[in-house]
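Visitor: What follows is input-v8.txt, made up of compact mmCIF, C-alpha atoms:
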# COMPACT_ATOMS: atom_id res chain seq x y z
CA MET C 23 36.30 -7.51 17.81
CA ALA C 24 33.97 -4.81 19.01
CA ASN C 25 35.28 -1.93 16.98
CA PHE C 26 32.78 -0.71 14.42
CA ILE C 27 30.79 2.41 13.56
CA LEU C 28 27.27 2.90 12.22
CA ARG C 29 26.78 5.81 9.83
CA LYS C 30 24.43 7.12 7.16
CA ALA C 31 25.24 5.64 3.73
CA GLU C 32 26.83 7.96 1.17
CA PRO C 33 26.84 7.80 -2.66
CA LYS C 34 30.28 6.16 -2.60
CA ASP C 35 28.81 3.21 -0.64
CA VAL C 36 26.45 1.99 -3.39
CA SER C 37 28.78 -0.72 -4.68
CA ASP C 38 29.15 -2.16 -1.15
CA ILE C 39 25.40 -1.89 -0.58
CA LEU C 40 24.70 -3.83 -3.79
CA ARG C 41 27.25 -6.47 -2.80
CA LEU C 42 25.53 -6.94 0.58
CA ILE C 43 22.05 -6.97 -1.04
CA LYS C 44 23.21 -9.84 -3.26
CA GLU C 45 24.74 -11.71 -0.30
CA LEU C 46 21.45 -11.44 1.60
CA ALA C 47 19.47 -12.54 -1.47
CA LYS C 48 21.79 -15.56 -1.78
CA PHE C 49 21.05 -16.43 1.87
CA GLU C 50 17.30 -16.14 1.06
CA GLU C 51 17.93 -18.46 -1.92
CA MET C 52 16.76 -15.81 -4.41
CA GLU C 53 19.95 -14.17 -5.69
CA ASP C 54 18.90 -14.40 -9.36
CA GLN C 55 15.97 -12.10 -8.55
CA VAL C 56 18.22 -9.09 -7.86
CA ILE C 57 18.00 -6.92 -10.97
CA LEU C 58 18.88 -3.63 -9.28
CA THR C 59 22.13 -1.94 -10.38
CA GLU C 60 24.51 0.53 -8.69
CA LYS C 61 23.12 3.23 -10.99
CA ASP C 62 19.56 2.52 -9.74
CA LEU C 63 20.69 2.63 -6.11
CA LEU C 64 22.48 5.94 -6.70
CA GLU C 65 19.56 7.59 -8.47
CA ASP C 66 16.90 6.20 -6.13
CA GLY C 67 18.70 6.82 -2.84
CA PHE C 68 20.67 9.98 -3.44
CA GLY C 69 18.66 11.88 -6.07
CA ASP C 70 16.01 14.59 -5.67
CA HIS C 71 13.42 12.19 -4.32
CA PRO C 72 15.03 9.44 -2.22
CA PHE C 73 13.01 6.23 -2.23
CA TYR C 74 15.00 4.77 0.65
CA HIS C 75 17.40 5.57 3.52
CA CYS C 76 20.38 3.44 4.43
CA ILE C 77 22.79 3.00 7.33
CA VAL C 78 26.01 1.01 7.02
CA ALA C 79 28.27 -0.72 9.55
CA GLU C 80 31.96 -0.08 8.97
CA VAL C 81 35.00 -1.72 10.60
CA PRO C 82 38.56 -0.30 10.70
CA LYS C 83 40.95 -1.42 7.92
CA HIS C 84 42.80 -3.87 10.16
CA HIS C 85 39.50 -5.74 10.68
CA GLN C 86 38.55 -5.87 7.00
CA SER C 87 36.87 -9.00 5.64
CA ALA C 88 38.66 -11.87 3.88
CA ASP C 89 37.83 -10.16 0.55
CA GLY C 90 39.11 -6.79 1.74
CA HIS C 91 35.81 -5.08 2.61
CA VAL C 92 35.26 -2.64 5.49
CA ILE C 93 31.49 -2.15 4.96
CA ILE C 94 30.25 -5.33 6.62
CA GLY C 95 26.57 -4.67 7.36
CA PHE C 96 23.67 -2.46 6.32
CA ALA C 97 20.03 -1.64 6.89
CA MET C 98 17.75 -0.10 4.28
CA TYR C 99 14.50 1.54 5.37
CA TYR C 100 11.85 4.05 4.34
CA PHE C 101 8.77 5.70 5.79
CA THR C 102 5.31 4.30 5.12
CA TYR C 103 1.81 5.22 6.30
CA ASP C 104 -0.84 3.36 8.21
CA PRO C 105 -4.27 5.06 8.03
CA TRP C 106 -5.01 3.79 11.57
CA ILE C 107 -1.87 4.96 13.36
CA GLY C 108 0.03 7.27 11.00
CA LYS C 109 3.74 7.22 10.09
CA LEU C 110 5.68 3.98 10.21
CA LEU C 111 9.31 3.05 9.65
CA TYR C 112 9.55 0.12 7.27
CA LEU C 113 12.71 -1.97 7.41
CA GLU C 114 13.32 -3.37 3.92
CA ASP C 115 16.69 -5.09 4.32
CA PHE C 116 18.88 -5.79 7.32
CA TYR C 117 22.11 -7.79 7.02
CA VAL C 118 25.47 -8.38 8.69
CA MET C 119 28.16 -10.46 6.97
CA LYS C 120 28.50 -13.96 8.47
CA GLU C 121 32.04 -13.51 9.80
CA TYR C 122 30.93 -10.41 11.76
CA ARG C 123 27.93 -11.90 13.52
CA GLY C 124 27.73 -12.50 17.23
CA PHE C 125 29.41 -9.19 18.13
CA GLY C 126 26.25 -7.18 18.69
CA ILE C 127 26.40 -5.29 15.38
CA GLY C 128 22.90 -6.40 14.35
CA SER C 129 21.51 -5.38 17.74
CA GLU C 130 23.12 -1.95 17.46
CA ILE C 131 21.68 -1.42 13.97
CA LEU C 132 18.22 -2.36 15.22
CA LYS C 133 18.51 -0.02 18.19
CA LYS C 134 19.62 2.86 15.96
CA LEU C 135 16.65 2.22 13.65
CA SER C 136 14.20 2.18 16.54
CA GLN C 137 15.68 5.48 17.79
CA THR C 138 15.14 6.95 14.32
CA ALA C 139 11.56 5.67 14.38
CA VAL C 140 10.82 7.25 17.77
CA ARG C 141 12.57 10.53 16.85
CA THR C 142 10.54 10.85 13.64
CA ARG C 143 7.21 10.15 15.43
CA CYS C 144 6.66 6.70 13.96
CA SER C 145 4.24 4.52 15.93
CA SER C 146 5.73 1.28 14.75
CA MET C 147 8.55 -0.38 12.84
CA HIS C 148 7.37 -2.98 10.30
CA PHE C 149 9.23 -5.57 8.22
CA ILE C 150 8.78 -9.00 6.68
CA VAL C 151 10.62 -12.23 7.40
CA ALA C 152 10.40 -15.58 5.59
CA GLU C 153 8.72 -18.12 7.87
CA TRP C 154 11.53 -20.67 7.42
CA ASN C 155 14.13 -18.12 8.61
CA LYS C 156 13.96 -19.28 12.25
CA PRO C 157 17.18 -17.54 13.48
CA SER C 158 15.89 -14.14 12.28
CA ILE C 159 12.38 -14.69 13.63
CA GLU C 160 13.85 -15.64 17.04
CA PHE C 161 16.18 -12.60 16.93
CA TYR C 162 13.21 -10.27 16.44
CA LYS C 163 10.81 -12.04 18.82
CA ARG C 164 13.40 -11.96 21.61
CA ARG C 165 13.37 -8.19 21.24
CA GLY C 166 9.58 -7.86 21.44
CA ALA C 167 8.46 -8.15 17.82
CA SER C 168 5.05 -9.65 17.04
CA ASP C 169 4.10 -11.70 13.97
CA LEU C 170 1.04 -10.00 12.39
CA SER C 171 0.60 -12.75 9.81
CA LEU C 172 0.13 -15.30 12.60
CA GLU C 173 -1.72 -13.04 15.06
CA GLU C 174 -4.08 -11.23 12.68
CA GLY C 175 -3.95 -13.21 9.41
CA TRP C 176 -2.29 -10.66 7.09
CA ARG C 177 -0.98 -12.06 3.82
CA LEU C 178 1.40 -10.21 1.49
CA PHE C 179 0.44 -9.90 -2.18
CA LYS C 180 2.15 -8.57 -5.25
CA ILE C 181 1.10 -7.65 -8.78
CA ASP C 182 4.00 -7.55 -11.23
CA LYS C 183 4.65 -5.11 -14.07
CA GLN C 184 2.97 -7.22 -16.76
CA ASN C 185 -0.34 -7.41 -14.90
CA LEU C 186 -0.06 -3.77 -13.78
CA LEU C 187 0.20 -2.70 -17.42
CA LYS C 188 -2.80 -4.90 -18.25
CA MET C 189 -4.85 -2.99 -15.64
CA THR C 190 -3.91 0.38 -17.11
CA ASP C 191 -4.81 -0.80 -20.62
CA GLU C 192 -8.26 -1.94 -19.54
CA GLU C 193 -9.15 1.51 -18.11
CA MET J 6 -37.87 -5.75 -23.25
CA THR J 7 -37.88 -2.62 -25.36
CA CYS J 8 -40.46 0.01 -24.55
CA THR J 9 -41.82 2.63 -26.88
CA ALA J 10 -42.58 6.17 -25.80
CA SER J 11 -46.31 5.55 -25.83
CA SER J 12 -46.19 2.35 -23.80
CA LEU J 13 -44.06 4.10 -21.22
CA GLN J 14 -46.44 7.05 -21.14
CA GLY J 15 -49.06 5.01 -19.38
CA ALA J 16 -46.61 3.56 -16.88
CA ILE J 17 -45.02 6.76 -15.73
CA LYS J 18 -46.27 9.92 -14.09
CA GLU J 19 -44.04 12.30 -16.01
CA PRO J 20 -44.56 13.00 -19.69
CA VAL J 21 -41.86 11.31 -21.74
CA ALA J 22 -40.67 14.57 -23.27
CA SER J 23 -39.76 16.01 -19.88
CA LEU J 24 -37.98 12.75 -19.08
CA PHE J 25 -35.78 13.24 -22.14
CA ARG J 26 -35.08 16.83 -21.10
CA THR J 27 -34.21 15.69 -17.60
CA TYR J 28 -31.92 13.03 -18.99
CA GLU J 29 -29.87 15.58 -20.87
CA THR J 30 -29.01 17.41 -17.68
CA HIS J 31 -29.31 14.66 -15.09
CA PRO J 32 -29.35 11.22 -16.72
CA THR J 33 -29.51 9.35 -13.45
CA VAL J 34 -32.36 11.46 -12.11
CA ALA J 35 -34.45 10.57 -15.14
CA TYR J 36 -34.69 6.96 -14.25
CA SER J 37 -34.97 7.43 -10.54
CA ARG J 38 -38.30 9.19 -11.00
CA LEU J 39 -40.13 6.23 -12.45
CA PHE J 40 -42.12 4.03 -10.21
CA GLY J 41 -43.78 0.69 -9.92
CA GLY J 42 -40.59 -1.35 -10.11
CA ILE J 43 -40.03 -0.40 -13.75
CA GLN J 44 -37.21 1.95 -14.55
CA ALA J 45 -36.12 3.27 -17.88
CA ILE J 46 -32.60 4.10 -18.93
CA LEU J 47 -32.39 6.65 -21.69
CA VAL J 48 -29.53 5.70 -23.95
CA THR J 49 -29.16 8.15 -26.86
CA ASP J 50 -32.41 7.84 -28.84
CA GLN J 51 -33.45 4.51 -27.49
CA ARG J 52 -35.09 3.65 -24.28
CA TYR J 53 -34.80 0.36 -22.53
CA CYS J 54 -37.02 -0.74 -19.73
CA ARG J 55 -35.26 -2.72 -17.09
CA ASN J 56 -36.49 -4.31 -14.02
CA GLN J 57 -35.24 -2.36 -11.03
CA LYS J 58 -33.00 -5.21 -9.95
CA THR J 59 -31.05 -5.30 -13.21
CA LEU J 60 -30.53 -1.57 -13.47
CA PHE J 61 -27.40 0.51 -13.97
CA ALA J 62 -25.81 -0.24 -17.30
CA LYS J 63 -22.88 1.88 -16.19
CA MET J 64 -22.56 3.88 -13.00
CA ARG J 65 -21.14 7.36 -13.34
CA PHE J 66 -18.28 8.27 -11.04
CA THR J 67 -14.96 10.12 -11.09
CA ILE J 68 -11.58 9.20 -9.65
CA CYS J 69 -9.48 12.18 -8.51
CA ALA J 70 -6.41 12.85 -6.40
CA ALA J 71 -7.59 13.62 -2.85
CA LYS J 72 -7.58 17.21 -1.62
CA PRO J 73 -7.12 18.34 2.01
CA GLU J 74 -10.89 18.91 2.35
CA ASP J 75 -11.48 15.22 1.49
CA CYS J 76 -9.79 14.08 4.71
CA LYS J 77 -13.03 13.98 6.72
CA ASP J 78 -14.57 11.63 4.13
CA ILE J 79 -11.36 9.57 4.01
CA GLU J 80 -11.41 9.33 7.82
CA ARG J 81 -15.04 8.11 7.68
CA MET J 82 -14.21 5.44 5.11
CA ILE J 83 -11.01 4.36 6.94
CA MET J 84 -13.21 3.61 9.95
CA GLU J 85 -15.75 1.74 7.78
CA LEU J 86 -12.93 -0.43 6.41
CA ALA J 87 -11.52 -1.00 9.92
CA VAL J 88 -14.98 -2.14 11.08
CA TYR J 89 -15.14 -4.56 8.12
CA GLU J 90 -11.66 -5.85 9.06
CA LYS J 91 -12.95 -6.33 12.64
CA MET J 92 -10.37 -3.94 14.14
CA PRO J 93 -12.11 -0.55 14.68
CA ASP J 94 -10.43 0.01 18.06
CA GLN J 95 -7.05 0.09 16.32
CA VAL J 96 -7.82 3.36 14.50
CA LYS J 97 -5.96 6.07 16.40
CA ILE J 98 -5.63 8.95 13.95
CA SER J 99 -8.16 11.48 12.66
CA HIS J 100 -8.57 13.75 9.63
CA LYS J 101 -6.14 16.23 11.28
CA GLU J 102 -3.22 13.79 11.05
CA LEU J 103 -4.31 12.77 7.55
CA GLU J 104 -4.22 16.44 6.46
CA ARG J 105 -0.84 17.07 8.07
CA ASP J 106 0.76 13.87 6.77
CA GLY J 107 -0.70 13.80 3.25
CA PHE J 108 -0.66 17.43 2.21
CA GLY J 109 2.42 18.97 3.80
CA PRO J 110 5.76 19.69 2.04
CA ASN J 111 6.77 16.03 2.50
CA PRO J 112 3.67 13.84 1.98
CA TYR J 113 3.84 10.35 3.51
CA TYR J 114 1.08 8.96 1.32
CA GLN J 115 -0.93 9.54 -1.86
CA CYS J 116 -4.70 9.13 -2.00
CA LEU J 117 -7.35 8.80 -4.72
CA VAL J 118 -11.04 9.40 -4.05
CA ALA J 119 -14.01 8.01 -6.01
CA GLU J 120 -16.97 10.40 -6.19
CA VAL J 121 -20.52 9.95 -7.54
CA PRO J 122 -22.86 12.74 -8.69
CA GLU J 123 -25.18 14.23 -6.08
CA GLU J 124 -28.21 12.38 -7.39
CA LEU J 125 -26.46 9.10 -6.54
CA MET J 126 -25.42 10.10 -3.03
CA SER J 127 -25.55 7.49 -0.27
CA LYS J 128 -28.46 7.28 2.17
CA ASP J 129 -26.33 9.28 4.66
CA GLY J 130 -25.74 11.99 2.06
CA HIS J 131 -22.17 11.15 0.98
CA THR J 132 -20.85 11.50 -2.57
CA LYS J 133 -17.29 10.34 -1.80
CA VAL J 134 -17.83 6.58 -1.93
CA GLY J 135 -14.39 4.98 -2.23
CA TYR J 136 -10.67 5.60 -1.85
CA ALA J 137 -7.23 4.12 -2.45
CA LEU J 138 -4.32 5.13 -0.21
CA PHE J 139 -0.80 4.22 -1.35
CA PHE J 140 2.88 5.22 -1.12
CA TYR J 141 6.23 4.49 -2.74
CA THR J 142 8.46 1.78 -1.33
CA TYR J 143 11.73 0.17 -2.42
CA SER J 144 12.72 -3.38 -3.16
CA THR J 145 16.46 -4.09 -2.97
CA TRP J 146 15.91 -6.68 -5.69
CA LYS J 147 13.67 -4.82 -8.12
CA GLY J 148 13.81 -1.12 -7.27
CA ARG J 149 10.86 1.27 -7.07
CA THR J 150 7.56 -0.22 -6.01
CA VAL J 151 4.14 1.03 -4.92
CA TYR J 152 2.46 -0.25 -1.79
CA MET J 153 -1.32 0.03 -1.75
CA GLU J 154 -2.22 0.38 1.92
CA ASP J 155 -6.01 0.70 1.63
CA LEU J 156 -8.57 0.09 -1.14
CA TYR J 157 -12.21 0.55 -0.18
CA VAL J 158 -15.60 1.09 -1.80
CA MET J 159 -18.77 1.54 0.28
CA PRO J 160 -20.91 -1.64 0.13
CA GLU J 161 -23.86 -0.03 -1.73
CA TYR J 162 -21.49 1.07 -4.55
CA ARG J 163 -19.71 -2.22 -5.13
CA SER J 164 -19.78 -4.35 -8.31
CA LYS J 165 -19.99 -1.20 -10.45
CA GLY J 166 -16.37 -0.95 -11.54
CA ILE J 167 -15.28 1.62 -8.92
CA GLY J 168 -12.78 -0.65 -7.13
CA LYS J 169 -11.35 -1.73 -10.47
CA ALA J 170 -11.03 1.90 -11.60
CA LEU J 171 -9.34 2.97 -8.35
CA MET J 172 -6.82 0.16 -8.66
CA ALA J 173 -6.20 0.85 -12.35
CA THR J 174 -5.47 4.49 -11.48
CA VAL J 175 -2.95 3.38 -8.83
CA ALA J 176 -1.41 1.13 -11.50
CA LYS J 177 -1.22 4.11 -13.89
CA VAL J 178 0.58 6.23 -11.27
CA ALA J 179 2.95 3.31 -10.60
CA LYS J 180 3.68 3.03 -14.33
CA GLU J 181 4.35 6.80 -14.63
CA GLN J 182 6.82 6.65 -11.73
CA HIS J 183 8.63 3.66 -13.29
CA CYS J 184 7.59 1.33 -10.49
CA VAL J 185 8.00 -2.35 -11.24
CA ARG J 186 5.57 -3.82 -8.76
CA LEU J 187 2.46 -3.16 -6.70
CA GLN J 188 2.26 -4.75 -3.24
CA PHE J 189 -0.51 -4.87 -0.67
CA SER J 190 -1.78 -7.13 2.08
CA VAL J 191 -5.10 -8.91 2.62
CA LEU J 192 -6.54 -10.71 5.64
CA ASP J 193 -6.65 -14.47 5.13
CA TRP J 194 -10.44 -14.71 5.80
CA ASN J 195 -11.34 -11.88 3.39
CA LYS J 196 -12.51 -14.08 0.49
CA PRO J 197 -14.24 -11.36 -1.62
CA SER J 198 -11.04 -9.28 -1.64
CA LEU J 199 -8.79 -12.31 -2.22
CA ASP J 200 -10.93 -13.27 -5.26
CA PHE J 201 -10.90 -9.68 -6.56
CA TYR J 202 -7.10 -9.45 -6.46
CA LEU J 203 -6.35 -12.98 -7.69
CA ALA J 204 -8.52 -12.27 -10.76
CA LYS J 205 -6.16 -9.36 -11.56
CA GLY J 206 -3.04 -11.53 -11.51
CA ALA J 207 -2.04 -10.98 -7.87
CA GLU J 208 0.17 -13.57 -6.21
CA ASP J 209 0.05 -14.50 -2.55
CA LEU J 210 3.68 -14.18 -1.41
CA THR J 211 2.84 -15.43 2.08
CA ALA J 212 1.59 -18.71 0.62
CA LYS J 213 4.14 -18.92 -2.19
CA GLU J 214 7.34 -17.78 -0.45
CA GLY J 215 6.46 -17.82 3.25
CA TRP J 216 6.70 -14.09 3.98
CA HIS J 217 5.27 -12.94 7.32
CA PHE J 218 4.65 -9.38 8.52
CA LEU J 219 6.38 -8.53 11.78
CA ARG J 220 6.42 -5.33 13.78
CA PHE J 221 7.86 -3.56 16.80
CA HIS J 222 4.97 -1.52 18.15
CA GLY J 223 4.37 0.90 21.02
CA ILE J 224 6.20 -0.24 24.16
CA ALA J 225 8.29 -2.81 22.28
CA LEU J 226 9.59 -0.01 20.02
CA ASP J 227 10.29 2.31 22.99
CA ASN J 228 12.19 -0.45 24.82
CA LEU J 229 14.32 -1.14 21.78
CA ALA J 230 15.14 2.56 21.42
CA GLN J 231 15.97 3.01 25.08
CA GLU J 232 18.58 0.30 24.97
CA ALA J 233 20.53 2.45 22.48
CA PRO J 234 23.85 3.81 23.81
In structure tokens, what does this structure look like?
Guide:
Amino acid sequence: MANFILRKAEPKDVSDILRLIKELAKFEEMEDQVILTEKDLLEDGFGDHPFYHCIVAEVPKHHQSADGHVIIGFAMYYFTYDPWIGKLLYLEDFYVMKEYRGFGIGSEILKKLSQTAVRTRCSSMHFIVAEWNKPSIEFYKRRGASDLSLEEGWRLFKIDKQNLLKMTDEE
Amino acid sequence: MTCTASSLQGAIKEPVASLFRTYETHPTVAYSRLFGGIQAILVTDQRYCRNQKTLFAKMRFTICAAKPEDCKDIERMIMELAVYEKMPDQVKISHKELERDGFGPNPYYQCLVAEVPEELMSKDGHTKVGYALFFYTYSTWKGRTVYMEDLYVMPEYRSKGIGKALMATVAKVAKEQHCVRLQFSVLDWNKPSLDFYLAKGAEDLTAKEGWHFLRFHGIALDNLAQEAP
């Protein structure tokens, strides 16, 4: 099975995108943390000010999944800024359904993203990976990725809504 | 130690009355003119004498959205932060790129600048003494988020509430844009910053959930792109 296409996501794809987001979250053992809805995805990706861009992998009907799906992979990304080197492409999510792995779909998605990065004058493509996710880390390292957390000591932090609101109240 | 007008009179060169007048127009200048290690802060009708080392009840500063003409100052402070992070040779862009990328029709970042009045300018003559650079990102789990890329205050202006105010303003913007989370990254050896953020309720996701930053950079990115059909 080598027959698939990669295309820009459209509004009609949001239900498939949410399904794949939840599948990936399940794999990362955090599916109860997904609170995003189809309505959010629609408004945030296809409104006046898109917060993200998305490409989807689609197979022909005769290769649909066991549950009858033809959208079998996706990548969500957006542009960020590094004050040292300028524009960056940030890869937020990248997933191919289990039954469609090993056919080069993931590689093709990554190549398309890197082309987009180069075309839009990005110096770098950044993303995060959980340290226990050895298959993904190997996948990326094989292709020339470097681990900035290991090499330079960067740690990712978050401040959630509750504490954010506390900060605004104190001002 | 509370000082009266007459006791101050002997300790200072300027008559007290002119000090009061100066305070009305330039409060900070009033106390910078005293000498001998004793400085007075005029607070409404009372005067307090403080030892020079325990001065500054409250530093005056403003936080504003950056303008294109601020880019030279932002560039200067970006380099100062890069030096602190021990990576100055990694800075490749200048104020020209900052102007193009932050103030065009499609800005790639937002920036806030902290400014002090002229009488508090740095020894090199700068009044722009801190900045916060951030942009909007997206979490497939939670939705809209803000990523704070840089937060910096010049060393001589620290511990005066400027960093806290910059971050609170970023939080305000995040709240107005219905963002559910603020994310940022810190170097593992940077204890002062780690303490600052942890005190505000920040959580270390690298420690807690094992997230690592990876990247395809320069030649690695080009190679990946060239393999495309």
Visitor: Neighbours of range 130-145 of chain C within 9 Å (all atoms listed in the file; same-chain residues fewer than 5 positions away dropped), as a PyMOL selection string?
Guide: (chain C and resi 28+77-79+95-97+99+101+107-111+113+116) or (chain J and resi 221-223+226-234)
Visitor: Please identify every residue of chain C that has at least one atom no more than 6 Å from any atom of chain J, counting only C-alpha atoms, and report them as an MDAnalysis selection string.
Guide: chainID C and resid 56:58 106:107 133 136:137 146:153 166:171 175:183 185:186 189:190
Visitor: So what do you get for CA of Val134 in chain J versus CA of Val158 in chain J, distance-wise?
Guide: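 Distance reported for this atom pair: 5.9 Å.
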Visitor: Taking into account all atoms listed in the file, which residue in the set J:Ala137, J:Val118, J:Met64, J:Ala204 is nearest to Asp78 in chain J?
Guide: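 Ranking J:Ala137, J:Val118, J:Met64, J:Ala204 by distance to Asp78 in chain J, first place goes to J:Val118.
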Visitor: Between CA of Tyr136 in chain J and CA of Arg163 in chain J, what is the distance in Å, rounded to a tenth?
Guide: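 Result for CA of Tyr136 in chain J versus CA of Arg163 in chain J: 12.4 Å, one decimal.
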Visitor: Which distance in Å separates CA of Leu117 in chain J and CA of Ser198 in chain J, to one decimal?
Guide: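 A separation of 18.7 Å between them.
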Visitor: Because the input lacks atoms here, generate N, CA, C and O atoms for range 168-185 of chain C and report them as a short mmCIF file (atom, residue, chain, number, x, y, z; two decimals), in the coordinates of the input.
Guide:
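Final file, part.cif:
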data_model
loop_
_atom_site.label_atom_id
_atom_site.label_comp_id
_atom_site.auth_asym_id
_atom_site.auth_seq_id
_atom_site.Cartn_x
_atom_site.Cartn_y
_atom_site.Cartn_z
N SER C 168 6.19 -8.74 17.15
CA SER C 168 5.05 -9.65 17.04
C SER C 168 4.81 -10.00 15.57
O SER C 168 5.10 -9.18 14.69
N ASP C 169 4.33 -11.20 15.32
CA ASP C 169 4.10 -11.70 13.97
C ASP C 169 2.63 -11.42 13.59
O ASP C 169 1.73 -12.13 14.03
N LEU C 170 2.41 -10.38 12.74
CA LEU C 170 1.04 -10.00 12.39
C LEU C 170 0.36 -11.00 11.46
O LEU C 170 -0.86 -11.10 11.43
N SER C 171 1.18 -11.74 10.70
CA SER C 171 0.60 -12.75 9.81
C SER C 171 -0.03 -13.86 10.65
O SER C 171 -1.13 -14.31 10.37
N LEU C 172 0.66 -14.25 11.73
CA LEU C 172 0.13 -15.30 12.60
C LEU C 172 -1.00 -14.75 13.48
O LEU C 172 -2.04 -15.36 13.62
N GLU C 173 -0.76 -13.58 14.07
CA GLU C 173 -1.72 -13.04 15.06
C GLU C 173 -2.99 -12.50 14.42
O GLU C 173 -4.07 -12.64 15.00
N GLU C 174 -2.89 -11.87 13.25
CA GLU C 174 -4.08 -11.23 12.68
C GLU C 174 -4.46 -11.77 11.30
O GLU C 174 -5.51 -11.43 10.78
N GLY C 175 -3.61 -12.57 10.69
CA GLY C 175 -3.95 -13.21 9.41
C GLY C 175 -3.60 -12.41 8.17
O GLY C 175 -4.15 -12.65 7.10
N TRP C 176 -2.65 -11.46 8.28
CA TRP C 176 -2.29 -10.66 7.09
C TRP C 176 -1.42 -11.47 6.13
O TRP C 176 -0.45 -12.09 6.54
N ARG C 177 -1.76 -11.39 4.84
CA ARG C 177 -0.98 -12.06 3.82
C ARG C 177 -0.47 -11.01 2.84
O ARG C 177 -1.20 -10.08 2.48
N LEU C 178 0.78 -11.16 2.40
CA LEU C 178 1.40 -10.21 1.49
C LEU C 178 1.14 -10.62 0.05
O LEU C 178 1.32 -11.78 -0.32
N PHE C 179 0.70 -9.64 -0.78
CA PHE C 179 0.44 -9.90 -2.18
C PHE C 179 1.26 -8.99 -3.07
O PHE C 179 1.64 -7.88 -2.67
N LYS C 180 1.50 -9.44 -4.28
CA LYS C 180 2.15 -8.57 -5.25
C LYS C 180 1.44 -8.69 -6.59
O LYS C 180 0.84 -9.73 -6.92
N ILE C 181 1.54 -7.60 -7.38
CA ILE C 181 1.10 -7.65 -8.78
C ILE C 181 2.28 -7.12 -9.58
O ILE C 181 2.73 -5.99 -9.35
N ASP C 182 2.80 -7.93 -10.49
CA ASP C 182 4.00 -7.55 -11.23
C ASP C 182 3.69 -6.67 -12.43
O ASP C 182 2.53 -6.53 -12.84
N LYS C 183 4.77 -6.13 -13.02
CA LYS C 183 4.65 -5.11 -14.07
C LYS C 183 3.68 -5.51 -15.19
O LYS C 183 2.84 -4.71 -15.60
N GLN C 184 3.79 -6.75 -15.64
CA GLN C 184 2.97 -7.22 -16.76
C GLN C 184 1.48 -7.05 -16.47
O GLN C 184 0.72 -6.51 -17.27
N ASN C 185 1.07 -7.51 -15.29
CA ASN C 185 -0.34 -7.41 -14.90
C ASN C 185 -0.74 -5.99 -14.54
O ASN C 185 -1.90 -5.60 -14.72
#
